[in-house]
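S.K.: Here it is: the structure, laid out below.
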Amino acid sequence: MSNVQNVVFDRAAGYYDQTRALPPHEASQLTDALWEALGAAPASHVLEIGVGTGRIAGPLAQRGLSMMGIDLSGSMLAVLHEKFPSLPVALADMTRLPFAAAAFDGVIAFHVFHLVSGWRDALAEAVRVLRPGGKFIYSIHGRDPNSVNSQLRTQWRRLLADQGIKAEPPGIRDDAQVDQVLRQLGCRDHQQREVIRSREPVTARFVLDAMEKRIWSDTWLVPDDVFAQTMGVLRAWASERFDLDQVDQDEYHVGFHVYTV
Ligand SMILES: C[S@@+](CC[C@H](N)C(=O)[O-])C[C@H]1O[C@@H](n2cnc3c(N)ncnc32)[C@H](O)[C@@H]1O
């Protein structure tokens with residue numbers, strides 16, 4: 001809904017890691033790739049903005065980086081603290097970072113800019129707190145638009161649009177616009193890395209059940225009555241088009257952009 005400024009994840013803290021984790025070998029490929037992209041020497045000082053439960057920052061800290069995390073959700077930070085007690089965190093807004101200029105060698109942003117209406121300010125802040133030559137990294141995550149997951153979510157958005165309702169988070173998904181702003185901020189040497197391209201077994205019933213449990217943040221953005229009504233229509237639509245229990249292998253990919261300040 002249009003008045004949401006930030007999608008804060010307090011309600012997801014209890015199940016985030018169960019629903020968003022990568023398989024262990026993919027998670028460690030991602031840690032290796034980030035480590036390399038940061039040009040990391042042990043003790044490099046790296047900030048993750050929107051750190052959540054520490055899914056990305058925790059393993060990097062275990063590799064010897066001096067990580068720091070900030071998030072607007074105290075509940076997500078509490079889960080992080082349980083898993084990584086020595087990783088320092090602060091309850092803070094990425095659009096107003098409580099750090100001095102040039103304080104970090106690297107800044108990482110994973111799955112956050114679509115959630116933040118002030119994404120331009122967040123980019124400016126990330127660049128401000130990086131030292132000259134420091135690295136700014138933000139994530140790429142994609143799913144096959146023909147996957148059962150994508151088809152169901154697209155159809156759900158159509159049903160909402162018919163009622164004049166948008167379930168779009170308040171931030172940005174357009175990497176070209178992010179690139180333009182970063183270049184205006186003086187970032188250079190853009191590189192794009194795909195780290196993981198993989199498949200996961202999914203059924204339509206699994207996706208519908210997950211939507212109904214409101215696991216994904218786009219389902220938080222509509223009023224309860226509209227949500228229940230559109231989910232009923234979506235389930236009927238899906239039952240006509242899919243064998244709800246047929247297992248498809250949905251393709252997804254994960255990577256990141258790297259810039260030098
Ligand atoms: C999808 S989660 C990503 C967490 C982590 N980066 C990961 O990849 O697992 C997005 C996180 O951004 C946080 N967030 C949203 N708006 C924020 C803001 N303006 N400043 C700081 N954190 C914010 C949410 O509370 C949530 O923990």
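Chains: A, B, ... in order of the structure tokens. Residues: from 1 per chain. Ligands: from 1, in order shown.
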What does the list of residues within 7 Å of ligand 1 look like if you count only C-alpha atoms and all ligand atoms, written as a list in words?
M.R.: Asn6, Val7, Val8, Phe9, Asp10, Ile49, Gly50, Val51, Gly52, Thr53, Gly54, Arg55, Ile56, Ile70, Asp71, Leu72, Ser73, Met76, Ala92, Asp93, Met94, Thr95, Ala109, Phe110, His111, Val112, Leu115 and Val116 of chain A
S.K.: As a list in words, list the residues of range 135-172 of chain A assigned to strand (DSSP E or B) by DSSP on the backbone atoms of this structure.
M.R.: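 The strand (DSSP E or B) subset of range 135-172 of chain A is Lys135, Phe136, Ile137, Tyr138, Ser139, Ile140, His141, Gly142 and Arg143 of chain A.
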S.K.: Check the smallest atom-to-atom distance from each of A:Asp175, A:Asp218, A:Glu125, A:Asp144 to Arg157 in chain A using only C-alpha atoms, then report the winner.
M.R.: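 Comparing A:Asp175, A:Asp218, A:Glu125, A:Asp144 against Arg157 in chain A, the winner is A:Asp218.
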S.K.: Could you tell me which of A:Gly64, A:Pro59, A:Gly255, A:Pro132 comes closest to Ala43 in chain A if we count only C-alpha atoms?
M.R.: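 Among A:Gly64, A:Pro59, A:Gly255, A:Pro132, it is A:Gly64 that comes nearest to Ala43 in chain A.
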S.K.: Please provide as a tab-separated table (two decimals) with C-alpha atoms, in the first residue's frame all residues within 7 Å of range 30-38 of chain A, with the sequence filter that same-chain residues fewer than 5 positions apart are discarded (counting only C-alpha atoms).
M.R.:
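Generated file (out00.tsv):
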```tsv
chain	number	residue	atom	x	y	z
A	59	PRO	CA	29.02	-16.52	7.53
A	60	LEU	CA	31.22	-13.61	6.37
A	106	GLY	CA	32.61	-2.56	2.15
A	135	LYS	CA	33.16	-1.81	-2.42
A	195	VAL	CA	26.81	-17.10	-8.36
```
S.K.: Step one, run DSSP on the backbone; step two, keep only residues of range 12-91 of chain A assigned to alpha helix (DSSP H); then write them as a ChimeraX atom specification.
M.R.: /A:16-20,24-37,57-62,74-83
S.K.: Give the answer as one residue: which of A:Arg197, A:Asp243, A:Glu212, A:Gly58 has the shortest atom-to-atom distance to Asp224 in chain A, using only C-alpha atoms?
M.R.: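 Closest to Asp224 in chain A, using only C-alpha atoms: A:Glu212.
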S.K.: Point out the residue among A:Glu26, A:Glu240, A:Asp174, A:Glu82 with the least atom-to-atom distance to Val254 in chain A, counting only C-alpha atoms.
M.R.: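 Among A:Glu26, A:Glu240, A:Asp174, A:Glu82, it is A:Glu26 that comes nearest to Val254 in chain A.
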S.K.: To one decimal place, how far is CA of Val127 in chain A from CA of Thr260 in chain A in Å?
M.R.: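 CA of Val127 in chain A sits 9.4 Å away from CA of Thr260 in chain A.
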S.K.: Taking into account only C-alpha atoms, which residue in the set A:Arg153, A:Arg143, A:Arg241, A:Arg173 is nearest to Ser198 in chain A?
M.R.: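 Checking each candidate against Ser198 in chain A, we get A:Arg143 as the closest.
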S.K.: Write out as a list in words each polymer residue whose atoms come within 12 Å of Ser239 in chain A, counting only C-alpha atoms; drop sequence neighbours fewer than 3 positions from it.
M.R.: Leu152, Thr203, Ala204, Arg205, Leu208, Gly232, Val233, Leu234, Arg235, Ala236, Phe242, Asp243, Leu244, Asp245 and Gln246 of chain A
S.K.: May I have the residues from that selection written out with C-alpha atoms, as a short mmCIF file (atom, residue, chain, number, x, y, z; two decimals), in the first residue's frame?
M.R.:
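Output file out_24.cif is given in full below:
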```
data_model
loop_
_atom_site.label_atom_id
_atom_site.label_comp_id
_atom_site.auth_asym_id
_atom_site.auth_seq_id
_atom_site.Cartn_x
_atom_site.Cartn_y
_atom_site.Cartn_z
CA LEU A 152 0.39 -17.70 -9.19
CA THR A 203 3.98 -27.59 -6.28
CA ALA A 204 1.14 -25.11 -6.82
CA ARG A 205 -0.34 -26.28 -3.52
CA LEU A 208 -0.78 -21.34 -2.34
CA GLY A 232 -10.10 -17.84 -2.48
CA VAL A 233 -10.44 -16.77 -6.11
CA LEU A 234 -6.78 -17.60 -6.78
CA ARG A 235 -7.11 -21.11 -5.35
CA ALA A 236 -10.14 -21.80 -7.57
CA PHE A 242 -2.78 -26.90 -12.50
CA ASP A 243 -2.56 -30.30 -10.93
CA LEU A 244 -1.94 -28.76 -7.50
CA ASP A 245 0.35 -31.61 -6.44
CA GLN A 246 2.46 -31.89 -9.58
#
```
S.K.: Could you name the residues that touch Pro145 in chain A at 10 Å or less, counting only C-alpha atoms, but leaving out those on the same chain fewer than 6 positions away, as a list in words?
M.R.: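 Those residues are Gln151, Arg153, Thr154, Asp250, Glu251 and Tyr252 of chain A.
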S.K.: How about saving the chosen residues, N, CA and C atoms kept, as a PDB file, in the first residue's frame?
M.R.:
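The file below, selection_21.pdb, is the result:
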```
ATOM      1  N   GLN A 151       3.706 -17.597 -11.816  1.00  0.00           N
ATOM      2  CA  GLN A 151       2.363 -17.524 -12.422  1.00  0.00           C
ATOM      3  C   GLN A 151       1.291 -17.237 -11.370  1.00  0.00           C
ATOM      4  N   ARG A 153       1.675 -15.794  -8.433  1.00  0.00           N
ATOM      5  CA  ARG A 153       1.789 -14.453  -7.845  1.00  0.00           C
ATOM      6  C   ARG A 153       1.372 -13.376  -8.844  1.00  0.00           C
ATOM      7  N   THR A 154       1.630 -13.621 -10.134  1.00  0.00           N
ATOM      8  CA  THR A 154       1.192 -12.659 -11.163  1.00  0.00           C
ATOM      9  C   THR A 154      -0.336 -12.619 -11.218  1.00  0.00           C
ATOM     10  N   ASP A 250      11.391 -25.403 -10.270  1.00  0.00           N
ATOM     11  CA  ASP A 250      11.427 -23.964 -10.535  1.00  0.00           C
ATOM     12  C   ASP A 250      12.867 -23.449 -10.512  1.00  0.00           C
ATOM     13  N   GLU A 251      13.240 -22.726 -11.580  1.00  0.00           N
ATOM     14  CA  GLU A 251      14.602 -22.208 -11.647  1.00  0.00           C
ATOM     15  C   GLU A 251      14.710 -20.863 -10.937  1.00  0.00           C
ATOM     16  N   TYR A 252      15.795 -20.680 -10.200  1.00  0.00           N
ATOM     17  CA  TYR A 252      16.062 -19.373  -9.596  1.00  0.00           C
ATOM     18  C   TYR A 252      17.551 -19.076  -9.736  1.00  0.00           C
TER      19      TYR A 252
END
```
S.K.: Provide the CA of His190 in chain A to CA of Tyr259 in chain A distance in Å, to one decimal place.
M.R.: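 It comes out at 4.7 Å.
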S.K.: List the neighbours of Pro23 in chain A out to 12 Å using only C-alpha atoms; skip same-chain residues closer than 5 positions along the sequence, and give me the result as a PyMOL selection string.
M.R.: chain A and resi 17-18+28-30+55+196+198-200
S.K.: Please identify all polymer residues within 8 Å of Val181 in chain A, counting only C-alpha atoms, omitting same-chain residues fewer than 4 positions from it, and present them as a list of chain:residue names.
M.R.: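 Non-adjacent residues within range: A:Arg120, A:Leu123, A:Gln177, A:Leu185.
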S.K.: Which of these residues is nearest to Pro85 in chain A, using only C-alpha atoms: A:Met68, A:Ala126, A:Ala161, A:Met231?
M.R.: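 Closest to Pro85 in chain A, using only C-alpha atoms: A:Met68.
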S.K.: What is the distance, in Å and to one decimal place, between CA of Leu97 in chain A and CA of Gly186 in chain A?
M.R.: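 About the pair CA of Leu97 in chain A and CA of Gly186 in chain A: they are 18.9 Å apart.
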